[in-house]
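In what follows, a single structure is set out as structure tokens and then discussed.
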Amino acid sequence: MVFGAHGDDEIIGSGATLYGFSKKGVEITAVTFTNRETAYARIEDKDKAVLRAKEEMATANVILGIKKRVILGLPNQGVVNDRETFQTCTKLIREYRPEMIFTHAHADQHRDHRAVSELVDEARSKAEENLSPDWGTPHRTYAVLYFEIFDLFAKPHIIVPVEDSWLEKKLEAMRSQTSQLEVLKGIEYHIRGLAMVRGTAIGSKYGEAFQISDFHPSRAQM
Ligand SMILES: [Zn+2]
């Protein structure tokens, strides 16, 4: 499962890895918290922002192999770690029962990203507790991995070696977010440059870096 505040975060943060997993037959569910209604670069695009975001997300699903996307429809810059959203996240984890979760890092300049990171860590932990069976059967997620958007990790914990075709799919998915290309000028350079830096660190051409959440321990698989 991948939890992102805005519909392009999972592309920037983990698009190549998600594509690599989908190629191996792993079922990927994305949860997007907002409608992206403030992410327009020109005033004349304002009214179309939500509809365009929806279409662009659907396109990215196909490119990256995301099987299902749940859009919570919260306001941009308005994601908060409140009780209702926390319970929603807990229920979604119990419903989709991931082995692994990708999401934002706690230390992120964007308020929505920080809120999502906290919500997901707490919900992952709550989802495995033996309570509220009406929210779904308790589920233990093996690990939560944080991805990078624009705040880069000084010390990544794990770097996924990214094949050329995976990076191309990530870039294709990013290009399909046409409404964001003006908002995030130079995003393709950022993605390709960072992929090279992260790859170099592990002897690979390209890479995608993650930090492992220590919010809640993983249960060792023996
Ligand atoms: Zn974002």
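Chain labels A, B, ... are given in the sequence in which chains occur in the structure tokens; within each chain residues are numbered consecutively from 1, and ligands are likewise numbered from 1 in the order shown.
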
As a CSV table (one decimal) with N, CA and C atoms, in the first residue's frame, please: the residues near region 74-80 of chain A (cut-off 12 Å, only C-alpha atoms, same-chain neighbours under 3 positions excluded).
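File produced: around16.csv:
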```
chain,number,residue,atom,x,y,z
A,4,GLY,N,-0.2,8.7,0.1
A,4,GLY,CA,0.3,9.9,-0.3
A,4,GLY,C,-0.7,11.1,-0.1
A,5,ALA,N,-0.2,12.2,0.3
A,5,ALA,CA,-1.1,13.3,0.6
A,5,ALA,C,-1.8,13.8,-0.7
A,6,HIS,N,-1.0,13.9,-1.8
A,6,HIS,CA,-1.5,14.4,-3.1
A,6,HIS,C,-1.2,13.4,-4.1
A,7,GLY,N,-2.0,13.4,-5.2
A,7,GLY,CA,-2.0,12.3,-6.2
A,7,GLY,C,-0.7,12.1,-6.9
A,31,VAL,N,-3.6,5.2,-1.5
A,31,VAL,CA,-4.5,6.0,-0.8
A,31,VAL,C,-4.1,7.5,-0.9
A,32,THR,N,-4.9,8.3,-1.5
A,32,THR,CA,-4.6,9.7,-1.7
A,32,THR,C,-5.5,10.6,-0.8
A,33,PHE,N,-4.9,11.4,-0.1
A,33,PHE,CA,-5.7,12.1,1.0
A,33,PHE,C,-6.5,13.3,0.4
A,34,THR,N,-5.9,14.0,-0.6
A,34,THR,CA,-6.6,15.3,-1.0
A,34,THR,C,-7.0,15.2,-2.4
A,35,ASN,N,-7.7,16.3,-2.8
A,35,ASN,CA,-8.3,16.4,-4.1
A,35,ASN,C,-7.3,17.2,-5.1
A,36,ARG,N,-6.3,17.8,-4.5
A,36,ARG,CA,-5.3,18.6,-5.2
A,36,ARG,C,-6.0,19.9,-5.8
A,37,GLU,N,-7.0,20.4,-5.1
A,37,GLU,CA,-7.7,21.5,-5.6
A,37,GLU,C,-7.0,22.8,-5.6
A,38,THR,N,-5.9,22.9,-4.9
A,38,THR,CA,-5.1,24.2,-4.9
A,38,THR,C,-3.9,24.1,-5.8
A,39,ALA,N,-3.7,22.9,-6.4
A,39,ALA,CA,-2.4,22.7,-7.2
A,39,ALA,C,-2.6,23.1,-8.7
A,40,TYR,N,-2.9,24.4,-8.9
A,40,TYR,CA,-2.9,24.9,-10.2
A,40,TYR,C,-2.0,26.1,-10.3
A,49,ALA,N,-9.2,22.0,-11.6
A,49,ALA,CA,-8.1,21.3,-10.9
A,49,ALA,C,-8.5,19.9,-10.3
A,50,VAL,N,-9.7,19.8,-9.7
A,50,VAL,CA,-10.0,18.6,-9.1
A,50,VAL,C,-10.3,17.5,-10.1
A,70,VAL,N,-7.8,4.8,-3.5
A,70,VAL,CA,-8.8,5.4,-2.7
A,70,VAL,C,-8.5,6.9,-2.5
A,71,ILE,N,-9.5,7.7,-2.9
A,71,ILE,CA,-9.2,9.2,-2.7
A,71,ILE,C,-10.1,9.7,-1.5
A,83,ARG,N,-9.0,12.3,14.8
A,83,ARG,CA,-9.5,11.0,15.1
A,83,ARG,C,-10.1,10.3,13.9
A,84,GLU,N,-10.9,11.1,13.2
A,84,GLU,CA,-11.7,10.5,12.1
A,84,GLU,C,-10.7,10.0,11.0
A,85,THR,N,-9.8,10.8,10.6
A,85,THR,CA,-8.8,10.4,9.6
A,85,THR,C,-8.0,9.2,10.0
A,86,PHE,N,-7.6,9.2,11.3
A,86,PHE,CA,-6.8,8.1,11.9
A,86,PHE,C,-7.6,6.8,11.8
A,109,GLN,N,8.7,19.3,4.7
A,109,GLN,CA,8.4,20.7,4.8
A,109,GLN,C,6.9,20.9,4.5
A,110,HIS,N,6.2,19.9,4.0
A,110,HIS,CA,4.8,20.1,3.6
A,110,HIS,C,3.9,19.6,4.8
A,111,ARG,N,3.0,20.5,5.2
A,111,ARG,CA,2.1,20.1,6.4
A,111,ARG,C,1.3,18.9,6.1
A,112,ASP,N,0.8,18.7,4.9
A,112,ASP,CA,0.0,17.5,4.6
A,112,ASP,C,0.9,16.3,4.6
A,113,HIS,N,2.1,16.4,4.1
A,113,HIS,CA,3.0,15.2,4.1
A,113,HIS,C,3.3,14.8,5.6
A,114,ARG,N,3.6,15.7,6.4
A,114,ARG,CA,3.9,15.4,7.8
A,114,ARG,C,2.7,14.7,8.5
A,115,ALA,N,1.5,15.3,8.2
A,115,ALA,CA,0.3,14.7,8.8
A,115,ALA,C,0.0,13.3,8.4
A,116,VAL,N,0.2,13.0,7.1
A,116,VAL,CA,0.0,11.7,6.5
A,116,VAL,C,1.0,10.7,7.2
A,117,SER,N,2.2,11.1,7.3
A,117,SER,CA,3.3,10.3,7.9
A,117,SER,C,2.9,9.8,9.3
A,118,GLU,N,2.4,10.8,10.1
A,118,GLU,CA,2.1,10.5,11.5
A,118,GLU,C,0.8,9.6,11.5
A,119,LEU,N,-0.2,9.9,10.7
A,119,LEU,CA,-1.4,9.2,10.6
A,119,LEU,C,-1.1,7.7,10.3
A,120,VAL,N,-0.3,7.5,9.3
A,120,VAL,CA,0.0,6.1,8.8
A,120,VAL,C,0.7,5.3,9.8
```

_Polymer residues at most 9 Å from Leu171 (chain A), only C-alpha atoms, same-chain spacing of 4 or more positions, as number ranges by chain_ = A: 11-12, 15-16, 166-167, 175-176, 188, 191-192

Next, dump the selected residues to file, keeping only N, CA and C atoms, as an mmCIF file, in the first residue's frame.
```cif
data_model
loop_
_atom_site.group_PDB
_atom_site.id
_atom_site.type_symbol
_atom_site.label_atom_id
_atom_site.label_comp_id
_atom_site.auth_asym_id
_atom_site.auth_seq_id
_atom_site.Cartn_x
_atom_site.Cartn_y
_atom_site.Cartn_z
ATOM 1 N N ILE A 11 4.284 8.931 -6.936
ATOM 2 C CA ILE A 11 5.116 8.845 -8.149
ATOM 3 C C ILE A 11 6.518 9.356 -7.831
ATOM 4 N N ILE A 12 6.575 10.557 -7.267
ATOM 5 C CA ILE A 12 7.878 11.181 -6.969
ATOM 6 C C ILE A 12 8.641 10.345 -5.935
ATOM 7 N N GLY A 15 7.664 5.844 -7.251
ATOM 8 C CA GLY A 15 7.084 5.384 -8.519
ATOM 9 C C GLY A 15 7.821 4.228 -9.168
ATOM 10 N N ALA A 16 9.153 4.282 -9.147
ATOM 11 C CA ALA A 16 9.920 3.214 -9.798
ATOM 12 C C ALA A 16 9.784 1.903 -9.030
ATOM 13 N N TRP A 166 12.113 0.961 -15.300
ATOM 14 C CA TRP A 166 11.319 1.393 -14.149
ATOM 15 C C TRP A 166 11.372 2.910 -14.025
ATOM 16 N N LEU A 167 12.580 3.467 -14.232
ATOM 17 C CA LEU A 167 12.714 4.919 -14.144
ATOM 18 C C LEU A 167 11.914 5.583 -15.263
ATOM 19 N N ARG A 175 5.046 12.735 -16.098
ATOM 20 C CA ARG A 175 4.640 13.568 -17.247
ATOM 21 C C ARG A 175 3.125 13.539 -17.452
ATOM 22 N N SER A 176 2.503 12.441 -17.058
ATOM 23 C CA SER A 176 1.047 12.334 -17.237
ATOM 24 C C SER A 176 0.298 13.257 -16.262
ATOM 25 N N GLU A 188 11.268 16.654 -13.605
ATOM 26 C CA GLU A 188 11.926 15.521 -14.288
ATOM 27 C C GLU A 188 13.413 15.485 -13.983
ATOM 28 N N ILE A 191 13.825 14.144 -10.471
ATOM 29 C CA ILE A 191 13.625 12.691 -10.384
ATOM 30 C C ILE A 191 14.828 11.941 -10.962
ATOM 31 N N ARG A 192 15.260 12.350 -12.148
ATOM 32 C CA ARG A 192 16.367 11.622 -12.791
ATOM 33 C C ARG A 192 17.687 11.829 -12.024
#
```

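Distances from A:Val162, A:Leu184, A:Met1, A:Cys89 to Gly20 (chain A) were compared using only C-alpha atoms, and the smallest one belongs to A:Val162.
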
*Please run DSSP on the backbone and report, as an MDAnalysis selection string, all residues within region 104-203 of chain A that come out as helix (DSSP H, G or I).*
chainID A and resid 111:127 133:135 164:175 178:180 187:200

_When you look at Ile187 (chain A) with a cut-off of 12 Å (counting only C-alpha atoms), what residues show up, excluding the ones that are within fewer than 5 positions of it in the same chain? I need them as a list in words._
Asp8, Asp9, Ile11, Ile12, Gly13, Ile149, Phe150, Lys170, Leu171, Glu172, Ala173, Met174, Arg175, Gln177, Thr178, Gln180, Leu181, Glu182, Arg192, Gly193 and Leu194 of chain A

*Among region 47-191 of chain A, which ones does DSSP place in strand (DSSP E), written as a count of residues only?*
22

*Excluding same-chain residues fewer than 2 positions from region 134-147 of chain A, what lies within 6 Å of it counting only C-alpha atoms, as an MDAnalysis selection string?*
chainID A and resid 13 91 94 98:105 127:128 132 210:213 218

_Selected residue of minimal separation from ligand 1 among A:Lys169, A:Asp108, A:Tyr96, A:Ile159, counting only C-alpha atoms and all ligand atoms_ =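 Residue with the minimum atom-to-atom distance to ligand 1: A:Asp108.
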
*Given only C-alpha atoms and all ligand atoms as the counted atoms, nearest of A:His106, A:Ala154, A:Tyr206, A:Glu10 to ligand 1*: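 So, comparing all the options, the nearest one is A:Glu10.
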
*With only C-alpha atoms and all ligand atoms as the basis for distance, which of A:Ser22, A:Asp121, A:Phe3, A:Ile28 is at the shortest distance from ligand 1?*
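Looking only at the distances to ligand 1, the closest residue turns out to be A:Phe3.
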
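If you look at CA of Asn61 (chain A) and CA of Ala41 (chain A), they are 23.4 Å away from each other.
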
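Closest approach to ligand 1 among A:Val183, A:Leu131, A:Ala58, A:Ile43: A:Val183, based on only C-alpha atoms and all ligand atoms.
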
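You will find CA of Tyr189 (chain A) at 16.7 Å from CA of Ser165 (chain A).
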
*Contacts of Leu18 (chain A) at 8 Å or less, counting only C-alpha atoms, minus same-chain residues fewer than 5 places along, as a VMD selection string?*
chain A and resid 28 64 to 66

_Using only C-alpha atoms and all ligand atoms, can you tell me which of A:Asn130, A:Lys48, A:Asp151, A:Thr200 comes closest to ligand 1?_
A:Asp151

*Would you work out the distance separating CA of Asp164 (chain A) from CA of Thr29 (chain A), expressed in Å to one decimal?*
23.6 Å
